[in-house]
>>> print(open('run-v6.txt').read())   # compact mmCIF, C-alpha atoms
# COMPACT_ATOMS: atom_id res chain seq x y z
CA MET A 1 0.23 -8.33 24.36
CA ASN A 2 0.11 -9.28 20.67
CA LYS A 3 -2.56 -7.62 18.55
CA PHE A 4 -3.46 -7.14 14.91
CA LYS A 5 -6.65 -5.29 14.13
CA ALA A 6 -7.96 -4.21 10.73
CA ILE A 7 -10.70 -1.58 10.98
CA GLN A 8 -12.82 -0.54 8.02
CA PRO A 9 -13.40 3.20 7.45
CA SER A 10 -16.80 4.78 7.86
CA ALA A 11 -18.97 4.78 4.74
CA PRO A 12 -18.23 8.39 3.64
CA LEU A 13 -14.46 7.70 3.78
CA ALA A 14 -14.57 4.23 2.16
CA PRO A 15 -13.99 5.63 -1.38
CA TYR A 16 -10.70 7.08 -0.13
CA VAL A 17 -9.47 4.67 2.58
CA LYS A 18 -9.12 0.86 2.42
CA GLN A 19 -8.34 0.05 6.06
CA TYR A 20 -6.79 1.20 9.30
CA TRP A 21 -4.23 -1.21 10.77
CA PHE A 22 -3.39 -1.44 14.46
CA VAL A 23 -0.42 -3.69 15.26
CA THR A 24 1.11 -4.26 18.71
CA ILE A 25 3.66 -6.97 19.55
CA GLU A 26 5.72 -6.84 22.71
CA ASP A 27 9.20 -8.23 23.41
CA VAL A 28 10.00 -9.10 19.79
CA THR A 29 13.33 -10.80 19.22
CA LEU A 30 15.14 -9.59 16.10
CA THR A 31 12.95 -10.51 13.14
CA SER A 32 12.38 -9.41 9.54
CA GLN A 33 9.52 -9.06 7.11
CA ARG A 34 9.55 -8.14 3.46
CA LEU A 35 7.35 -5.25 2.39
CA VAL A 36 6.37 -5.74 -1.26
CA PRO A 37 4.57 -3.32 -3.61
CA PHE A 38 0.81 -3.48 -3.02
CA GLY A 39 -0.49 -0.46 -4.91
CA CYS A 40 -1.52 1.86 -2.06
CA THR A 41 -0.16 4.95 -0.35
CA ALA A 42 0.13 4.52 3.42
CA LEU A 43 0.40 6.90 6.37
CA SER A 44 2.13 5.26 9.35
CA PHE A 45 2.39 6.34 12.98
CA HIS A 46 4.96 4.35 14.97
CA LYS A 47 4.93 4.37 18.77
CA GLY A 48 7.34 1.50 19.39
CA ASP A 49 11.01 0.83 18.67
CA ARG A 50 12.46 1.94 15.37
CA THR A 51 12.32 -0.19 12.22
CA TYR A 52 15.28 -0.66 9.89
CA SER A 53 14.71 -0.70 6.11
CA SER A 54 17.19 -2.45 3.82
CA LEU A 55 16.07 -0.31 0.86
CA GLU A 56 16.71 2.93 2.72
CA ASN A 57 19.78 1.49 4.46
CA ASP A 58 18.55 3.37 7.51
CA TYR A 59 15.87 3.41 10.17
CA LEU A 60 12.43 4.54 9.04
CA PRO A 61 11.03 7.78 10.45
CA GLN A 62 8.77 7.11 13.41
CA SER A 63 5.79 8.61 11.55
CA HIS A 64 5.86 8.93 7.77
CA LEU A 65 4.00 8.98 4.49
CA HIS A 66 4.93 6.11 2.19
CA GLY A 67 3.91 6.40 -1.46
CA ILE A 68 3.44 3.58 -3.96
CA THR A 69 6.75 2.06 -5.08
CA THR A 70 7.84 -0.75 -7.36
CA ASN A 71 10.59 -1.89 -4.98
CA TYR A 72 10.50 -4.35 -2.12
CA THR A 73 12.39 -3.82 1.13
CA ASN A 74 13.27 -5.96 4.14
CA LEU A 75 12.17 -4.46 7.45
CA SER A 76 13.99 -5.52 10.62
CA PHE A 77 12.70 -4.83 14.11
CA SER A 78 12.97 -5.92 17.72
CA GLY A 79 11.63 -4.86 21.10
CA LEU A 80 8.20 -3.24 20.87
CA ILE A 81 6.22 -3.11 17.62
CA ASP A 82 3.39 -0.62 18.00
CA PHE A 83 2.01 1.21 15.00
CA ILE A 84 -1.12 2.54 13.35
CA CYS A 85 -1.33 2.66 9.57
CA ILE A 86 -3.86 4.33 7.27
CA ILE A 87 -4.04 2.44 3.96
CA PHE A 88 -5.53 4.65 1.27
CA GLN A 89 -7.39 3.55 -1.83
CA PRO A 90 -5.08 3.86 -4.88
CA ALA A 91 -6.51 7.27 -5.83
CA GLY A 92 -7.70 8.13 -2.31
CA ALA A 93 -4.65 9.79 -0.76
CA LYS A 94 -4.83 12.68 -3.24
CA ALA A 95 -7.97 13.87 -1.45
CA PHE A 96 -5.93 14.76 1.64
CA PHE A 97 -2.59 16.09 0.40
CA LYS A 98 -1.96 19.15 -1.77
CA MET A 99 1.31 17.96 -3.33
CA PRO A 100 1.35 15.56 -6.31
CA LEU A 101 1.62 12.02 -4.95
CA ASN A 102 4.55 11.14 -7.20
CA GLU A 103 6.64 13.33 -4.87
CA PHE A 104 6.10 10.67 -2.16
CA ASN A 105 7.11 7.51 -4.00
CA ALA A 106 10.90 7.67 -3.80
CA THR A 107 11.33 7.27 -0.05
CA PRO A 108 9.25 7.39 3.17
CA ILE A 109 8.64 11.06 3.98
CA PRO A 110 8.89 12.07 7.67
CA LEU A 111 5.85 14.06 8.75
CA ASP A 112 7.95 16.99 9.99
CA ILE A 113 9.37 17.50 6.48
CA LEU A 114 5.85 17.92 5.09
CA GLY A 115 5.40 21.09 7.14
CA ASP A 116 1.81 20.09 7.91
CA SER A 117 0.85 21.30 11.39
CA GLU A 118 -2.53 19.51 11.37
CA LEU A 119 -0.88 16.19 10.49
CA SER A 120 1.79 16.69 13.15
CA GLU A 121 -0.95 17.37 15.70
CA LEU A 122 -2.72 14.14 14.68
CA ALA A 123 0.54 12.23 15.21
CA ARG A 124 0.89 13.77 18.68
CA GLN A 125 -2.69 12.89 19.63
CA LEU A 126 -2.35 9.29 18.41
CA ASN A 127 0.88 8.88 20.32
CA GLU A 128 -0.93 9.88 23.51
CA THR A 129 -4.03 7.72 22.88
CA ALA A 130 -4.04 3.99 23.67
CA ASN A 131 -7.62 3.07 22.75
CA ASP A 132 -8.05 1.88 19.13
CA SER A 133 -11.59 3.22 18.79
CA ALA A 134 -10.52 6.63 20.05
CA CYS A 135 -7.57 6.62 17.63
CA THR A 136 -9.91 5.76 14.77
CA GLN A 137 -12.16 8.68 15.70
CA LEU A 138 -9.17 11.04 15.71
CA ILE A 139 -8.05 9.78 12.29
CA GLU A 140 -11.50 10.07 10.74
CA HIS A 141 -12.04 13.56 12.15
CA PHE A 142 -8.73 14.61 10.58
CA LEU A 143 -9.62 13.05 7.22
CA TYR A 144 -13.12 14.58 7.12
CA GLN A 145 -11.59 18.04 7.50
CA ARG A 146 -9.23 17.49 4.53
CA ILE A 147 -11.46 15.83 1.98
CA SER A 148 -12.37 19.07 0.18
CA GLN A 149 -8.90 19.26 -1.42
CA LEU A 150 -9.96 16.71 -4.03
CA ASN A 151 -10.53 17.51 -7.72
CA LYS A 152 -13.84 15.64 -8.11
CA TYR A 153 -13.67 15.18 -11.87
CA ASN A 154 -10.10 13.87 -11.96
CA ASN A 155 -10.91 11.53 -9.08
CA ILE A 156 -13.84 10.05 -11.02
CA ARG A 157 -11.64 9.59 -14.08
CA MET A 158 -8.79 7.96 -12.14
CA ASN A 159 -11.10 5.61 -10.24
CA ALA A 160 -12.66 4.52 -13.53
CA ALA A 161 -9.18 3.79 -14.94
CA ILE A 162 -8.20 1.88 -11.79
CA ASP A 163 -11.36 -0.24 -12.00
CA MET A 164 -10.41 -1.16 -15.57
CA ILE A 165 -6.86 -2.08 -14.48
CA TYR A 166 -8.20 -4.35 -11.71
CA LYS A 167 -10.39 -6.16 -14.25
CA GLY A 168 -7.40 -7.10 -16.42
CA PRO A 169 -4.45 -5.89 -18.48
CA THR A 170 -5.13 -2.93 -20.76
CA ASP A 171 -2.85 -0.43 -22.46
CA VAL A 172 -2.49 3.23 -21.52
CA ASN A 173 -4.01 4.52 -24.77
CA HIS A 174 -7.19 2.56 -24.10
CA LEU A 175 -7.37 3.82 -20.51
CA ALA A 176 -6.90 7.44 -21.61
CA GLU A 177 -9.58 7.11 -24.28
CA ALA A 178 -12.01 5.48 -21.83
CA VAL A 179 -11.78 8.41 -19.39
CA CYS A 180 -11.89 11.08 -22.13
CA LEU A 181 -8.34 12.41 -21.73
CA SER A 182 -5.45 12.70 -24.14
CA TYR A 183 -2.57 10.26 -23.65
CA LYS A 184 -0.32 12.96 -22.13
CA GLN A 185 -3.07 14.39 -19.91
CA PHE A 186 -3.96 10.95 -18.61
CA LYS A 187 -0.38 9.98 -17.76
CA ARG A 188 0.22 13.31 -15.99
CA ILE A 189 -2.98 13.21 -13.92
CA PHE A 190 -2.52 9.51 -13.10
CA LEU A 191 1.05 10.14 -11.92
CA GLU A 192 -0.02 13.08 -9.74
CA SER A 193 -3.13 11.34 -8.37
CA ILE A 194 -1.82 7.81 -7.76
CA GLY A 195 1.93 8.38 -7.47
CA ILE A 196 3.33 6.16 -10.22
CA ASN A 197 2.70 5.78 -13.94
CA PRO A 198 -0.20 3.62 -15.22
CA LYS A 199 2.05 0.87 -16.62
CA ASP A 200 3.89 0.31 -13.32
CA PHE A 201 0.62 0.42 -11.37
CA SER A 202 -0.90 -2.18 -13.71
CA GLN A 203 2.08 -4.47 -13.17
CA ILE A 204 1.77 -4.15 -9.37
CA ILE A 205 -1.94 -5.02 -9.49
CA ARG A 206 -1.16 -8.03 -11.71
CA PHE A 207 1.55 -9.16 -9.26
CA GLN A 208 -0.87 -8.75 -6.35
CA LYS A 209 -3.48 -10.83 -8.15
CA VAL A 210 -1.06 -13.72 -8.67
CA HIS A 211 0.17 -13.31 -5.06
CA HIS A 212 -3.44 -13.63 -3.86
CA LEU A 213 -4.27 -16.63 -6.05
CA LEU A 214 -1.04 -18.37 -5.12
CA GLN A 215 -2.04 -18.29 -1.45
CA LEU A 216 -5.71 -19.06 -2.07
CA HIS A 217 -5.16 -21.95 -4.53
CA THR A 218 -1.85 -23.54 -3.63
CA ASP A 219 -2.24 -26.30 -6.23
CA MET A 220 -2.76 -23.97 -9.22
CA THR A 221 -0.12 -24.47 -11.93
CA LEU A 222 2.10 -21.62 -13.09
CA ASP A 223 0.65 -21.88 -16.59
CA LYS A 224 -2.86 -21.46 -15.17
CA LEU A 225 -1.75 -18.58 -12.92
CA ALA A 226 -0.08 -16.84 -15.86
CA ASP A 227 -3.20 -17.18 -18.00
CA GLU A 228 -5.53 -16.09 -15.18
CA CYS A 229 -3.52 -12.97 -14.35
CA GLY A 230 -2.69 -11.75 -17.85
CA TYR A 231 0.98 -12.72 -18.20
CA TYR A 232 2.35 -13.81 -21.57
CA ASP A 233 3.55 -17.12 -20.10
CA LYS A 234 4.96 -18.57 -16.89
CA SER A 235 8.44 -17.18 -17.62
CA HIS A 236 6.96 -13.69 -17.74
CA LEU A 237 5.15 -14.33 -14.44
CA ILE A 238 8.33 -15.57 -12.71
CA LYS A 239 10.34 -12.58 -13.98
CA GLU A 240 7.88 -9.99 -12.67
CA MET A 241 7.40 -11.82 -9.39
CA LYS A 242 11.16 -11.76 -8.81
CA GLU A 243 11.24 -8.03 -9.60
CA PHE A 244 8.45 -7.13 -7.17
CA SER A 245 9.09 -9.59 -4.34
CA GLY A 246 12.58 -11.06 -4.79
CA PHE A 247 10.98 -14.53 -4.71
CA THR A 248 10.18 -17.22 -7.24
CA PRO A 249 6.58 -18.50 -6.99
CA ALA A 250 7.72 -21.54 -4.98
CA GLU A 251 9.77 -19.36 -2.62
CA LEU A 252 6.91 -16.92 -2.19
CA LEU A 253 4.45 -19.69 -1.37
CA GLU A 254 6.90 -21.12 1.16
CA ALA A 255 7.28 -17.70 2.82
CA CYS A 256 3.57 -16.87 2.95
CA ASP A 257 1.56 -17.34 6.12
CA PRO A 258 -0.30 -20.68 5.94
CA THR A 259 -3.32 -19.18 7.75
CA TYR A 260 -4.25 -16.83 4.90
CA SER A 261 -7.69 -15.28 5.42
CA ALA A 262 -9.82 -12.46 4.07
CA TYR A 263 -9.42 -10.58 7.37
CA HIS A 264 -5.63 -10.52 7.07
CA GLY A 265 -5.68 -10.44 3.25
CA LEU A 266 -4.67 -6.83 2.65
CA PHE A 267 -1.97 -6.97 5.34
CA ARG A 268 -0.61 -10.25 3.92
CA SER A 269 -0.55 -8.74 0.43
CA ALA A 270 2.03 -6.25 1.72
CA PHE A 271 4.08 -8.11 4.37
CA ILE A 272 5.81 -11.46 3.89
CA ASN A 273 7.64 -13.27 6.68
CA LEU A 274 11.36 -13.81 6.17
CA PRO A 275 13.26 -16.74 7.70
CA LEU A 276 15.75 -15.98 10.46
CA GLU A 277 19.32 -16.21 9.22
>>> encode(input="run-v6.txt", output="structure tokens")
Amino acid sequence: MNKFKAIQPSAPLAPYVKQYWFVTIEDVTLTSQRLVPFGCTALSFHKGDRTYSSLENDYLPQSHLHGITTNYTNLSFSGLIDFICIIFQPAGAKAFFKMPLNEFNATPIPLDILGDSELSELARQLNETANDSACTQLIEHFLYQRISQLNKYNNIRMNAAIDMIYKGPTDVNHLAEAVCLSYKQFKRIFLESIGINPKDFSQIIRFQKVHHLLQLHTDMTLDKLADECGYYDKSHLIKEMKEFSGFTPAELLEACDPTYSAYHGLFRSAFINLPLE
């Protein structure tokens, strides 16, 4: 059985969660995908065979919290792929975890290291539940119970800053001024709430915009892409694309799935197929 399902969160959780992913593929021969920065913290629960990460030079924990990073990694797997993933809004994960999110961005954190009994219990329940709808109910019940940990005012400020970043390039001073914080306050709260600094986050969002347009408009020139996405020129675009994905624009387009769609859009913004060697 091969299955990919993207489920939208219920309305009250939509400000904090982008999607829930359910992926099952049986009898996979050794294959690889590249996970590129996509600007979201993710909570993954793996039921299948273990996945190897080139960045970690080790197997990933079966269930782990993965913060926002600026690095790409190649993931190799075989046998049974079976995982559930909660993709948080950029500032959404902070509503559910007490620790500053920048403590999660260096490496995937195994759930047992977090010392969170409620989260460990959720992992156990999901591992014992096969039905996707039932799993979604378990996840949402867990999230509803945790949402009170959020600082409402900082969340409003950070979401306003993120909206500005999505609309186009802007400097940190302007963002801080727009949300009525000093430069130092803004950088500190942004780092704790999102997991990386505002400049790096802005660059990831810019990369994701060009990644999206490259798949949606395959005939768009690099000069047009650079202008549309806020790069200085096409050389600047190519440099940042190589940093975040390891690909040139032509290589990235070649590697992308030709059946790009809105349904798979968020998943395809994170995972890129790699050719077998």
>>> closest_residue(input="run-v6.txt", among="A:Leu214, A:Ile204, A:Val28, A:Val179", to="Tyr72 of chain A", atoms="only C-alpha atoms")
A:Ile204
>>> residues_around(input="run-v6.txt", residues="segment 109-116 of chain A", least_positions_apart="4", cutoff="9 Å", atoms="all atoms listed in the file", output="PDB file with C-alpha atoms, in the frame of the given file")
ATOM      1  CA  LEU A  60      12.430   4.540   9.040  1.00  0.00           C
ATOM      2  CA  PRO A  61      11.030   7.780  10.450  1.00  0.00           C
ATOM      3  CA  GLN A  62       8.770   7.110  13.410  1.00  0.00           C
ATOM      4  CA  SER A  63       5.790   8.610  11.550  1.00  0.00           C
ATOM      5  CA  HIS A  64       5.860   8.930   7.770  1.00  0.00           C
ATOM      6  CA  LEU A  65       4.000   8.980   4.490  1.00  0.00           C
ATOM      7  CA  HIS A  66       4.930   6.110   2.190  1.00  0.00           C
ATOM      8  CA  GLY A  67       3.910   6.400  -1.460  1.00  0.00           C
ATOM      9  CA  PHE A 104       6.100  10.670  -2.160  1.00  0.00           C
ATOM     10  CA  ASN A 105       7.110   7.510  -4.000  1.00  0.00           C
ATOM     11  CA  SER A 120       1.790  16.690  13.150  1.00  0.00           C
ATOM     12  CA  GLU A 121      -0.950  17.370  15.700  1.00  0.00           C
ATOM     13  CA  ALA A 123       0.540  12.230  15.210  1.00  0.00           C
TER      14      ALA A 123
END
>>> closest_residue(input="run-v6.txt", among="A:Phe4, A:Phe38, A:Phe271, A:Phe244", to="Ile81 of chain A", atoms="only C-alpha atoms")
A:Phe4
>>> residues_around(input="run-v6.txt", residues="segment 229-242 of chain A", least_positions_apart="5", cutoff="7 Å", atoms="only C-alpha atoms", output="mmCIF file with C-alpha atoms, in the coordinates of the input")
data_model
loop_
_atom_site.group_PDB
_atom_site.id
_atom_site.type_symbol
_atom_site.label_atom_id
_atom_site.label_comp_id
_atom_site.auth_asym_id
_atom_site.auth_seq_id
_atom_site.Cartn_x
_atom_site.Cartn_y
_atom_site.Cartn_z
ATOM 1 C CA GLY A 168 -7.400 -7.100 -16.420
ATOM 2 C CA PRO A 169 -4.450 -5.890 -18.480
ATOM 3 C CA ARG A 206 -1.160 -8.030 -11.710
ATOM 4 C CA PHE A 207 1.550 -9.160 -9.260
ATOM 5 C CA LYS A 209 -3.480 -10.830 -8.150
ATOM 6 C CA VAL A 210 -1.060 -13.720 -8.670
ATOM 7 C CA LEU A 222 2.100 -21.620 -13.090
ATOM 8 C CA ASP A 223 0.650 -21.880 -16.590
ATOM 9 C CA PHE A 247 10.980 -14.530 -4.710
ATOM 10 C CA THR A 248 10.180 -17.220 -7.240
ATOM 11 C CA PRO A 249 6.580 -18.500 -6.990
#
>>> closest_residue(input="run-v6.txt", among="A:Thr107, A:Gln203, A:Ile84, A:Ala91", to="Thr129 of chain A", atoms="only C-alpha atoms")
A:Ile84
>>> atom_distance(input="run-v6.txt", atom1="atom CA of Ile162 of chain A", atom2="atom CA of Lys187 of chain A")
12.7 Å
>>> axis_aligned_box(input="run-v6.txt", around="segment 157-175 of chain A", padding_each_side="8 Å", output="AutoDock Vina command-line options")
--center_x -7.6 --center_y 1.2 --center_z -17.5 --size_x 26.2 --size_y 32.7 --size_z 30.5
>>> residues_around(input="run-v6.txt", residues="Val36 of chain A", least_positions_apart="6", cutoff="9 Å", atoms="all atoms listed in the file", output="PyMOL selection string")
chain A and resi 69-74+244-246+269-272
>>> closest_residue(input="run-v6.txt", among="A:Tyr263, A:Phe142, A:Phe88, A:Tyr52", to="Tyr16 of chain A", atoms="all atoms listed in the file")
A:Phe88
>>> atom_distance(input="run-v6.txt", atom1="atom CA of Gly195 of chain A", atom2="atom CA of Ile68 of chain A")
6.1 Å
>>> closest_residue(input="run-v6.txt", among="A:Phe45, A:Ala6, A:Asn151, A:Leu181", to="Ile139 of chain A", atoms="all atoms listed in the file")
A:Phe45
>>> build_atoms(input="run-v6.txt", residues="segment 20-42 of chain A", atoms="N, CA, C and O atoms", output="PDB file, in the coordinates of the input")
ATOM      1  N   TYR A  20      -7.715   0.732   8.278  1.00  0.00           N
ATOM      2  CA  TYR A  20      -6.790   1.200   9.300  1.00  0.00           C
ATOM      3  C   TYR A  20      -6.212  -0.045   9.970  1.00  0.00           C
ATOM      4  O   TYR A  20      -6.956  -0.948  10.369  1.00  0.00           O
ATOM      5  N   TRP A  21      -4.887  -0.094  10.093  1.00  0.00           N
ATOM      6  CA  TRP A  21      -4.230  -1.210  10.770  1.00  0.00           C
ATOM      7  C   TRP A  21      -3.734  -0.776  12.142  1.00  0.00           C
ATOM      8  O   TRP A  21      -3.122   0.294  12.281  1.00  0.00           O
ATOM      9  N   PHE A  22      -3.957  -1.632  13.128  1.00  0.00           N
ATOM     10  CA  PHE A  22      -3.390  -1.440  14.460  1.00  0.00           C
ATOM     11  C   PHE A  22      -2.593  -2.693  14.802  1.00  0.00           C
ATOM     12  O   PHE A  22      -3.155  -3.798  14.871  1.00  0.00           O
ATOM     13  N   VAL A  23      -1.296  -2.553  14.998  1.00  0.00           N
ATOM     14  CA  VAL A  23      -0.420  -3.690  15.260  1.00  0.00           C
ATOM     15  C   VAL A  23       0.393  -3.419  16.522  1.00  0.00           C
ATOM     16  O   VAL A  23       1.067  -2.382  16.621  1.00  0.00           O
ATOM     17  N   THR A  24       0.309  -4.341  17.486  1.00  0.00           N
ATOM     18  CA  THR A  24       1.110  -4.260  18.710  1.00  0.00           C
ATOM     19  C   THR A  24       1.681  -5.633  19.016  1.00  0.00           C
ATOM     20  O   THR A  24       0.917  -6.607  19.122  1.00  0.00           O
ATOM     21  N   ILE A  25       2.989  -5.733  19.133  1.00  0.00           N
ATOM     22  CA  ILE A  25       3.660  -6.970  19.550  1.00  0.00           C
ATOM     23  C   ILE A  25       4.769  -6.589  20.511  1.00  0.00           C
ATOM     24  O   ILE A  25       5.642  -5.785  20.176  1.00  0.00           O
ATOM     25  N   GLU A  26       4.744  -7.179  21.689  1.00  0.00           N
ATOM     26  CA  GLU A  26       5.720  -6.840  22.710  1.00  0.00           C
ATOM     27  C   GLU A  26       6.879  -7.842  22.731  1.00  0.00           C
ATOM     28  O   GLU A  26       6.711  -9.011  22.362  1.00  0.00           O
ATOM     29  N   ASP A  27       8.026  -7.381  23.181  1.00  0.00           N
ATOM     30  CA  ASP A  27       9.200  -8.230  23.410  1.00  0.00           C
ATOM     31  C   ASP A  27       9.570  -9.062  22.181  1.00  0.00           C
ATOM     32  O   ASP A  27       9.754 -10.275  22.258  1.00  0.00           O
ATOM     33  N   VAL A  28       9.668  -8.402  21.045  1.00  0.00           N
ATOM     34  CA  VAL A  28      10.000  -9.100  19.790  1.00  0.00           C
ATOM     35  C   VAL A  28      11.518  -9.315  19.731  1.00  0.00           C
ATOM     36  O   VAL A  28      12.296  -8.374  19.888  1.00  0.00           O
ATOM     37  N   THR A  29      11.923 -10.556  19.513  1.00  0.00           N
ATOM     38  CA  THR A  29      13.330 -10.800  19.220  1.00  0.00           C
ATOM     39  C   THR A  29      13.577 -10.372  17.781  1.00  0.00           C
ATOM     40  O   THR A  29      12.631 -10.261  16.985  1.00  0.00           O
ATOM     41  N   LEU A  30      14.826 -10.127  17.430  1.00  0.00           N
ATOM     42  CA  LEU A  30      15.140  -9.590  16.100  1.00  0.00           C
ATOM     43  C   LEU A  30      14.494 -10.446  15.011  1.00  0.00           C
ATOM     44  O   LEU A  30      14.712 -11.648  14.925  1.00  0.00           O
ATOM     45  N   THR A  31      13.666  -9.802  14.193  1.00  0.00           N
ATOM     46  CA  THR A  31      12.950 -10.510  13.140  1.00  0.00           C
ATOM     47  C   THR A  31      12.816  -9.596  11.929  1.00  0.00           C
ATOM     48  O   THR A  31      13.026  -8.379  12.015  1.00  0.00           O
ATOM     49  N   SER A  32      12.468 -10.193  10.780  1.00  0.00           N
ATOM     50  CA  SER A  32      12.380  -9.410   9.540  1.00  0.00           C
ATOM     51  C   SER A  32      11.129  -9.803   8.761  1.00  0.00           C
ATOM     52  O   SER A  32      10.685 -10.962   8.787  1.00  0.00           O
ATOM     53  N   GLN A  33      10.595  -8.831   8.070  1.00  0.00           N
ATOM     54  CA  GLN A  33       9.520  -9.060   7.110  1.00  0.00           C
ATOM     55  C   GLN A  33       9.844  -8.296   5.838  1.00  0.00           C
ATOM     56  O   GLN A  33      10.530  -7.267   5.880  1.00  0.00           O
ATOM     57  N   ARG A  34       9.352  -8.820   4.731  1.00  0.00           N
ATOM     58  CA  ARG A  34       9.550  -8.140   3.460  1.00  0.00           C
ATOM     59  C   ARG A  34       8.283  -7.375   3.093  1.00  0.00           C
ATOM     60  O   ARG A  34       7.189  -7.944   3.039  1.00  0.00           O
ATOM     61  N   LEU A  35       8.452  -6.089   2.856  1.00  0.00           N
ATOM     62  CA  LEU A  35       7.350  -5.250   2.390  1.00  0.00           C
ATOM     63  C   LEU A  35       7.426  -5.186   0.871  1.00  0.00           C
ATOM     64  O   LEU A  35       8.411  -4.710   0.304  1.00  0.00           O
ATOM     65  N   VAL A  36       6.383  -5.689   0.199  1.00  0.00           N
ATOM     66  CA  VAL A  36       6.370  -5.740  -1.260  1.00  0.00           C
ATOM     67  C   VAL A  36       5.378  -4.705  -1.792  1.00  0.00           C
ATOM     68  O   VAL A  36       4.478  -4.259  -1.066  1.00  0.00           O
ATOM     69  N   PRO A  37       5.518  -4.281  -3.039  1.00  0.00           N
ATOM     70  CA  PRO A  37       4.570  -3.320  -3.610  1.00  0.00           C
ATOM     71  C   PRO A  37       3.140  -3.848  -3.573  1.00  0.00           C
ATOM     72  O   PRO A  37       2.897  -4.986  -3.970  1.00  0.00           O
ATOM     73  N   PHE A  38       2.210  -3.029  -3.067  1.00  0.00           N
ATOM     74  CA  PHE A  38       0.810  -3.480  -3.020  1.00  0.00           C
ATOM     75  C   PHE A  38      -0.164  -2.435  -3.553  1.00  0.00           C
ATOM     76  O   PHE A  38      -1.374  -2.576  -3.421  1.00  0.00           O
ATOM     77  N   GLY A  39       0.355  -1.359  -4.152  1.00  0.00           N
ATOM     78  CA  GLY A  39      -0.490  -0.460  -4.910  1.00  0.00           C
ATOM     79  C   GLY A  39      -1.265   0.572  -4.116  1.00  0.00           C
ATOM     80  O   GLY A  39      -2.253   1.120  -4.624  1.00  0.00           O
ATOM     81  N   CYS A  40      -0.815   0.873  -2.885  1.00  0.00           N
ATOM     82  CA  CYS A  40      -1.520   1.860  -2.060  1.00  0.00           C
ATOM     83  C   CYS A  40      -0.519   2.776  -1.361  1.00  0.00           C
ATOM     84  O   CYS A  40       0.548   2.332  -0.942  1.00  0.00           O
ATOM     85  N   THR A  41      -0.897   4.039  -1.210  1.00  0.00           N
ATOM     86  CA  THR A  41      -0.160   4.950  -0.350  1.00  0.00           C
ATOM     87  C   THR A  41      -0.569   4.701   1.098  1.00  0.00           C
ATOM     88  O   THR A  41      -1.730   4.396   1.371  1.00  0.00           O
ATOM     89  N   ALA A  42       0.406   4.792   2.011  1.00  0.00           N
ATOM     90  CA  ALA A  42       0.130   4.520   3.420  1.00  0.00           C
ATOM     91  C   ALA A  42       0.680   5.644   4.299  1.00  0.00           C
ATOM     92  O   ALA A  42       1.726   6.229   3.998  1.00  0.00           O
TER      93      ALA A  42
END
